[in-house]
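Have a look at final39.cif; it's mmCIF, C-alpha atoms:
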```cif
data_upload
#
loop_
_atom_site.label_atom_id
_atom_site.label_comp_id
_atom_site.auth_asym_id
_atom_site.auth_seq_id
_atom_site.Cartn_x
_atom_site.Cartn_y
_atom_site.Cartn_z
CA MET A 265 -8.24 -0.70 -8.52
CA SER A 266 -10.89 1.99 -8.95
CA ALA A 267 -10.35 3.21 -5.37
CA VAL A 268 -6.61 3.63 -5.98
CA ALA A 269 -7.27 5.29 -9.34
CA ASP A 270 -9.73 7.68 -7.71
CA ARG A 271 -7.02 8.78 -5.25
CA TYR A 272 -4.06 8.60 -7.63
CA ALA A 273 -3.33 12.33 -7.21
CA GLU A 274 -2.62 11.68 -3.51
CA PHE A 275 -0.12 8.98 -4.41
CA GLN A 276 1.53 11.27 -6.95
CA ALA A 277 1.75 14.07 -4.35
CA LEU A 278 3.76 11.65 -2.20
CA GLY A 279 6.06 10.84 -5.13
CA VAL A 280 4.61 7.35 -5.49
CA GLU A 281 4.08 5.56 -8.79
CA VAL A 282 1.31 3.00 -9.01
CA ILE A 283 1.43 0.01 -11.33
CA SER A 284 -1.23 -2.66 -11.46
CA MET A 285 -0.56 -6.15 -12.73
CA SER A 286 -2.76 -9.09 -13.66
CA VAL A 287 -2.66 -12.14 -15.88
CA ASP A 288 -5.18 -10.49 -18.20
CA SER A 289 -3.98 -9.14 -21.55
CA GLN A 290 -3.72 -5.44 -22.34
CA PHE A 291 -6.84 -5.90 -24.49
CA VAL A 292 -8.86 -7.19 -21.52
CA HIS A 293 -7.50 -4.29 -19.42
CA LYS A 294 -8.66 -1.81 -22.07
CA VAL A 295 -12.16 -3.24 -22.23
CA TRP A 296 -12.40 -3.39 -18.41
CA ASN A 297 -11.21 0.20 -18.16
CA ASP A 298 -13.48 1.50 -20.92
CA VAL A 299 -16.62 -0.44 -19.96
CA GLU A 300 -16.46 -0.43 -16.16
CA LEU A 301 -13.62 1.46 -14.48
CA SER A 302 -14.17 4.65 -16.50
CA LYS A 303 -17.66 4.87 -14.97
CA MET A 304 -16.27 4.82 -11.41
CA ILE A 305 -13.37 7.24 -11.83
CA GLU A 306 -13.92 10.93 -12.56
CA ALA A 307 -10.76 11.09 -14.68
CA GLY A 308 -12.46 8.68 -17.08
CA GLY A 309 -10.42 5.60 -16.27
CA VAL A 310 -7.30 4.29 -14.63
CA PRO A 311 -4.53 6.93 -14.81
CA PHE A 312 -1.66 4.51 -14.14
CA HIS A 313 -0.11 1.64 -16.08
CA MET A 314 -1.95 -1.69 -16.04
CA GLY A 315 0.64 -4.36 -16.77
CA SER A 316 -0.04 -7.80 -18.20
CA ASP A 317 1.50 -10.85 -16.52
CA GLY A 318 0.06 -13.39 -18.95
CA GLY A 319 2.36 -16.24 -17.99
CA GLY A 320 2.47 -15.44 -14.28
CA ALA A 321 6.24 -14.79 -14.28
CA ILE A 322 6.00 -11.55 -12.30
CA GLY A 323 3.38 -12.97 -9.93
CA THR A 324 5.65 -15.97 -9.35
CA VAL A 325 8.55 -13.70 -8.34
CA TYR A 326 6.28 -11.86 -5.91
CA GLY A 327 4.72 -15.08 -4.58
CA VAL A 328 1.16 -14.33 -5.69
CA TYR A 329 0.75 -16.46 -8.81
CA SER A 330 -1.34 -19.62 -8.62
CA PRO A 331 -0.41 -21.98 -11.48
CA ALA A 332 -3.39 -24.19 -10.65
CA GLN A 333 -5.84 -21.31 -11.07
CA GLY A 334 -3.81 -19.34 -13.60
CA VAL A 335 -4.25 -16.08 -11.69
CA ASP A 336 -2.27 -13.61 -9.63
CA PHE A 337 -3.84 -13.24 -6.16
CA ARG A 338 -4.69 -9.69 -5.18
CA GLY A 339 -1.76 -8.09 -3.48
CA ARG A 340 -0.19 -4.77 -2.70
CA PHE A 341 3.55 -4.17 -2.54
CA LEU A 342 5.22 -1.00 -1.28
CA ILE A 343 8.65 -0.82 -2.88
CA ASP A 344 11.10 1.86 -1.78
CA PRO A 345 13.31 3.95 -4.10
CA ASP A 346 16.08 1.35 -3.67
CA GLY A 347 13.81 -1.41 -5.02
CA VAL A 348 13.31 -3.05 -1.61
CA ILE A 349 9.85 -4.34 -0.70
CA GLN A 350 8.98 -2.57 2.55
CA ALA A 351 5.42 -3.87 2.92
CA MET A 352 3.09 -6.31 1.27
CA GLU A 353 -0.48 -7.38 1.73
CA ILE A 354 -2.15 -10.32 0.01
CA LEU A 355 -5.86 -10.87 0.44
CA THR A 356 -8.27 -13.38 -0.98
CA PRO A 357 -10.82 -11.86 -3.39
CA PRO A 358 -13.76 -11.50 -0.96
CA VAL A 359 -11.95 -8.87 1.14
CA GLY A 360 -10.97 -5.51 -0.33
CA ARG A 361 -7.89 -3.52 0.52
CA ASN A 362 -7.93 -0.10 2.21
CA VAL A 363 -6.49 2.86 0.27
CA ASP A 364 -6.32 5.00 3.43
CA GLU A 365 -4.10 2.36 5.04
CA THR A 366 -1.89 2.18 1.96
CA LEU A 367 -1.40 5.96 1.97
CA ARG A 368 -0.72 5.91 5.72
CA GLN A 369 1.93 3.23 5.32
CA VAL A 370 3.60 5.11 2.47
CA GLN A 371 3.78 8.22 4.66
CA ALA A 372 5.14 6.21 7.58
CA PHE A 373 7.87 4.60 5.47
CA GLN A 374 8.74 7.97 3.97
CA LEU A 375 9.08 9.53 7.44
CA VAL A 376 11.34 6.73 8.66
CA ARG A 377 13.45 7.01 5.50
CA LYS A 378 13.65 10.82 5.76
CA THR A 379 14.85 10.67 9.38
CA GLY A 380 17.27 7.83 8.69
CA GLY A 381 15.44 5.70 11.26
CA LYS A 382 15.84 8.26 14.05
CA GLU A 383 12.06 8.42 14.17
CA VAL A 384 9.83 5.36 13.83
CA THR A 385 6.08 5.06 13.77
CA PRO A 386 4.28 3.03 16.42
CA SER A 387 1.08 1.07 15.85
CA GLY A 388 -1.75 3.26 14.67
CA TRP A 389 0.51 6.17 13.73
CA THR A 390 -0.98 8.78 11.45
CA PRO A 391 0.82 11.75 9.86
CA GLY A 392 1.61 14.30 12.53
CA GLY A 393 1.19 11.69 15.25
CA LYS A 394 3.57 10.70 17.99
CA VAL A 395 6.76 9.00 16.84
CA LEU A 396 9.33 7.00 18.76
CA ASN A 397 13.06 7.67 18.84
CA PRO A 398 14.79 4.29 18.94
CA GLY A 399 17.89 3.89 21.03
CA PRO A 400 19.16 2.55 24.34
CA ASP A 401 17.00 4.99 26.32
CA LEU A 402 13.83 3.62 24.75
CA VAL A 403 14.55 -0.01 25.66
CA ALA A 404 12.08 -1.08 28.38
CA ASN A 405 10.71 2.47 28.44
CA VAL A 406 8.31 2.58 25.50
CA TRP A 407 5.45 2.53 27.99
CA LYS A 408 6.61 5.93 29.28
CA VAL A 409 6.20 7.63 25.90
CA TRP A 410 3.57 5.58 24.05
CA ASN A 411 0.50 3.56 24.91
CA PRO A 412 -2.00 1.88 22.58
CA LYS A 413 -4.78 3.75 24.40
CA ASP A 414 -3.28 6.97 23.00
CA VAL A 415 -4.18 5.77 19.52
CA TYR A 416 -7.04 3.37 19.86
CA GLY A 417 -8.92 5.05 22.71
CA LYS A 418 -9.80 1.84 24.55
CA LYS A 419 -9.79 1.82 28.32
#
```

Rewrite the structure from the file as structure tokens, please.
Amino acid sequence: MSAVADRYAEFQALGVEVISMSVDSQFVHKVWNDVELSKMIEAGGVPFHMGSDGGGAIGTVYGVYSPAQGVDFRGRFLIDPDGVIQAMEILTPPVGRNVDETLRQVQAFQLVRKTGGKEVTPSGWTPGGKVLNPGPDLVANVWKVWNPKDVYGKK
């Protein structure tokens, strides 16, 4: 949460709104923000809305709520302007998420949306990187225009 909050301006520059959600109450969120998060974020705390899912209803809809444990598992959902989930990542608590990867995926989905699917991003794509133009000519010819070695540098 603090890593996303620290880079919130980058999300805003992409037109993205961030909302966090947990089963904790708004009072627990406030204490957590004031006592801990505010010390990690230059802006003095989390600049986006921290929602409370006390009964797990929202987590249940998104498939991350554990009734046995009474918690929402840590997840990330990229939802497009039409309300469609385009990507999701759910990790167990010992492994943290990667904000760079989240920003990269947002930019990739935005590019595909902007081009109406005429350009798609291959594995390892980064902004400004090589894109693919799907169509009959690309079928069985991807190898002519893209290779994983181009991105990952392995020989």

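The closest residue to Thr356 in chain A, picked from A:Ile343, A:Val409, A:Val299, A:Val328 and counting only C-alpha atoms, is A:Val328.
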
Q. Which one is closest to Lys394 in chain A: A:Gln374, A:Lys294, A:Asn411, A:Arg340? Count all atoms listed in the file.
A. A:Asn411

Q: Rank nothing, just name the residue among A:Ile354, A:Ile283, A:Val376, A:Leu396 nearest to Gly315 in chain A, using all atoms listed in the file.
A: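 Closest to Gly315 in chain A of all the choices is A:Ile283.
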
Could the centre and edge lengths of an axis-aligned box, enclosing all atoms of range 381-393 of chain A in the file with 6 Å extra on each side, be given in Å to one decimal as JSON?
```
{"center_x": 7.0, "center_y": 7.7, "center_z": 13.1, "size_x": 29.6, "size_y": 25.2, "size_z": 18.6}
```

Q. How many Å lie between CA of Gly334 in chain A and CA of Gly319 in chain A, rounded to one decimal?
A.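 Pair CA of Gly334 in chain A / CA of Gly319 in chain A returns 8.2 Å.
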
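What the PyMOL selection byres ((chain A and resi 345) around 12) matches in the given file is Gly279, Val280, Glu281, Leu342, Ile343, Asp344, Asp346, Gly347, Val348, Ile349, Gln350, Val370, Phe373, Gln374 and Arg377 of chain A.
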
Determine the residue set returned by the PyMOL selection byres ((chain A and resi 265) around 9) for the present structure, and present it as a tab-separated table (two decimals) with C-alpha atoms, in the frame of the given file.
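This went into out38.tsv:
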```tsv
chain	number	residue	atom	x	y	z
A	266	SER	CA	-10.89	1.99	-8.95
A	267	ALA	CA	-10.35	3.21	-5.37
A	268	VAL	CA	-6.61	3.63	-5.98
A	269	ALA	CA	-7.27	5.29	-9.34
A	270	ASP	CA	-9.73	7.68	-7.71
A	284	SER	CA	-1.23	-2.66	-11.46
A	301	LEU	CA	-13.62	1.46	-14.48
A	310	VAL	CA	-7.30	4.29	-14.63
```

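Pairwise distance (CA of Asp364 in chain A, CA of Gly381 in chain A) equals 23.1 Å.
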
Q. Pick from A:Ser286, A:Gly392, A:Gly318, A:Pro400: nearest to Asp336 in chain A, with only C-alpha atoms counted?
A. A:Ser286

Q.
When you look at Tyr416 in chain A with a cut-off of 12 Å (counting all atoms listed in the file), what residues show up, excluding the ones that are within fewer than 3 positions of it in the same chain? I need them as a PyMOL selection string.
A. chain A and resi 386-390+410-413+419

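We find CA of Val292 in chain A and CA of Ser316 in chain A to be spaced 9.4 Å apart.
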
Q: Would you please work out which residue, of A:Glu353, A:Asp401, A:Asp317, A:Asp288, is nearest to Gly339 in chain A when using only C-alpha atoms?
A: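 Between A:Glu353, A:Asp401, A:Asp317, A:Asp288, the residue approaching Gly339 in chain A most closely is A:Glu353.
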
Q: Any chance you could resolve the PyMOL selection byres ((chain A and resi 382) around 10) against this file and give the residues as a list in words?
A: Leu375, Val376, Arg377, Lys378, Thr379, Gly380, Gly381, Glu383, Val384, Val395, Leu396, Asn397, Pro398 and Gly399 of chain A

Write a file of the selected residues as a compact mmCIF listing (two decimals), in the frame of the given file, keeping C-alpha atoms.
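Dumped to again-v2.txt:
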```txt
# COMPACT_ATOMS: atom_id res chain seq x y z
CA LEU A 375 9.08 9.53 7.44
CA VAL A 376 11.34 6.73 8.66
CA ARG A 377 13.45 7.01 5.50
CA LYS A 378 13.65 10.82 5.76
CA THR A 379 14.85 10.67 9.38
CA GLY A 380 17.27 7.83 8.69
CA GLY A 381 15.44 5.70 11.26
CA GLU A 383 12.06 8.42 14.17
CA VAL A 384 9.83 5.36 13.83
CA VAL A 395 6.76 9.00 16.84
CA LEU A 396 9.33 7.00 18.76
CA ASN A 397 13.06 7.67 18.84
CA PRO A 398 14.79 4.29 18.94
CA GLY A 399 17.89 3.89 21.03
```

Will you model N, CA, C and O atoms for range 310-327 of chain A and pass it back as an mmCIF file, in the frame of the given file?
```cif
data_model
loop_
_atom_site.group_PDB
_atom_site.id
_atom_site.type_symbol
_atom_site.label_atom_id
_atom_site.label_comp_id
_atom_site.auth_asym_id
_atom_site.auth_seq_id
_atom_site.Cartn_x
_atom_site.Cartn_y
_atom_site.Cartn_z
ATOM 1 N N VAL A 310 -8.486 4.484 -15.454
ATOM 2 C CA VAL A 310 -7.300 4.290 -14.630
ATOM 3 C C VAL A 310 -6.148 5.154 -15.167
ATOM 4 O O VAL A 310 -5.789 5.016 -16.334
ATOM 5 N N PRO A 311 -5.578 6.030 -14.335
ATOM 6 C CA PRO A 311 -4.530 6.930 -14.810
ATOM 7 C C PRO A 311 -3.104 6.360 -14.708
ATOM 8 O O PRO A 311 -2.145 7.043 -15.009
ATOM 9 N N PHE A 312 -2.983 5.123 -14.272
ATOM 10 C CA PHE A 312 -1.660 4.510 -14.140
ATOM 11 C C PHE A 312 -1.565 3.280 -15.034
ATOM 12 O O PHE A 312 -2.567 2.802 -15.574
ATOM 13 N N HIS A 313 -0.356 2.768 -15.179
ATOM 14 C CA HIS A 313 -0.110 1.640 -16.080
ATOM 15 C C HIS A 313 -0.711 0.346 -15.517
ATOM 16 O O HIS A 313 -0.532 0.026 -14.351
ATOM 17 N N MET A 314 -1.406 -0.371 -16.372
ATOM 18 C CA MET A 314 -1.950 -1.690 -16.040
ATOM 19 C C MET A 314 -1.127 -2.709 -16.814
ATOM 20 O O MET A 314 -1.286 -2.849 -18.026
ATOM 21 N N GLY A 315 -0.241 -3.403 -16.116
ATOM 22 C CA GLY A 315 0.640 -4.360 -16.770
ATOM 23 C C GLY A 315 0.018 -5.732 -16.913
ATOM 24 O O GLY A 315 -0.820 -6.139 -16.117
ATOM 25 N N SER A 316 0.455 -6.445 -17.948
ATOM 26 C CA SER A 316 -0.040 -7.800 -18.200
ATOM 27 C C SER A 316 1.019 -8.823 -17.812
ATOM 28 O O SER A 316 2.156 -8.743 -18.253
ATOM 29 N N ASP A 317 0.625 -9.768 -16.978
ATOM 30 C CA ASP A 317 1.500 -10.850 -16.520
ATOM 31 C C ASP A 317 0.926 -12.176 -17.014
ATOM 32 O O ASP A 317 0.635 -13.078 -16.246
ATOM 33 N N GLY A 318 0.736 -12.259 -18.331
ATOM 34 C CA GLY A 318 0.060 -13.390 -18.950
ATOM 35 C C GLY A 318 0.566 -14.760 -18.540
ATOM 36 O O GLY A 318 -0.216 -15.678 -18.358
ATOM 37 N N GLY A 319 1.831 -14.924 -18.368
ATOM 38 C CA GLY A 319 2.360 -16.240 -17.990
ATOM 39 C C GLY A 319 2.574 -16.403 -16.504
ATOM 40 O O GLY A 319 3.001 -17.464 -16.037
ATOM 41 N N GLY A 320 2.305 -15.360 -15.736
ATOM 42 C CA GLY A 320 2.470 -15.440 -14.280
ATOM 43 C C GLY A 320 3.901 -15.303 -13.798
ATOM 44 O O GLY A 320 4.184 -15.537 -12.627
ATOM 45 N N ALA A 321 4.824 -14.893 -14.672
ATOM 46 C CA ALA A 321 6.240 -14.790 -14.280
ATOM 47 C C ALA A 321 6.451 -13.759 -13.165
ATOM 48 O O ALA A 321 7.172 -14.021 -12.198
ATOM 49 N N ILE A 322 5.828 -12.600 -13.308
ATOM 50 C CA ILE A 322 6.000 -11.550 -12.300
ATOM 51 C C ILE A 322 5.308 -11.972 -11.005
ATOM 52 O O ILE A 322 5.862 -11.828 -9.917
ATOM 53 N N GLY A 323 4.095 -12.493 -11.116
ATOM 54 C CA GLY A 323 3.380 -12.970 -9.930
ATOM 55 C C GLY A 323 4.131 -14.064 -9.210
ATOM 56 O O GLY A 323 4.101 -14.144 -7.980
ATOM 57 N N THR A 324 4.841 -14.906 -9.960
ATOM 58 C CA THR A 324 5.650 -15.970 -9.350
ATOM 59 C C THR A 324 6.775 -15.359 -8.519
ATOM 60 O O THR A 324 7.009 -15.775 -7.377
ATOM 61 N N VAL A 325 7.451 -14.364 -9.067
ATOM 62 C CA VAL A 325 8.550 -13.700 -8.340
ATOM 63 C C VAL A 325 8.041 -13.084 -7.042
ATOM 64 O O VAL A 325 8.700 -13.159 -6.012
ATOM 65 N N TYR A 326 6.844 -12.516 -7.086
ATOM 66 C CA TYR A 326 6.280 -11.860 -5.910
ATOM 67 C C TYR A 326 5.482 -12.810 -5.014
ATOM 68 O O TYR A 326 4.956 -12.416 -3.980
ATOM 69 N N GLY A 327 5.385 -14.069 -5.407
ATOM 70 C CA GLY A 327 4.720 -15.080 -4.580
ATOM 71 C C GLY A 327 3.208 -15.019 -4.596
ATOM 72 O O GLY A 327 2.566 -15.508 -3.664
#
```
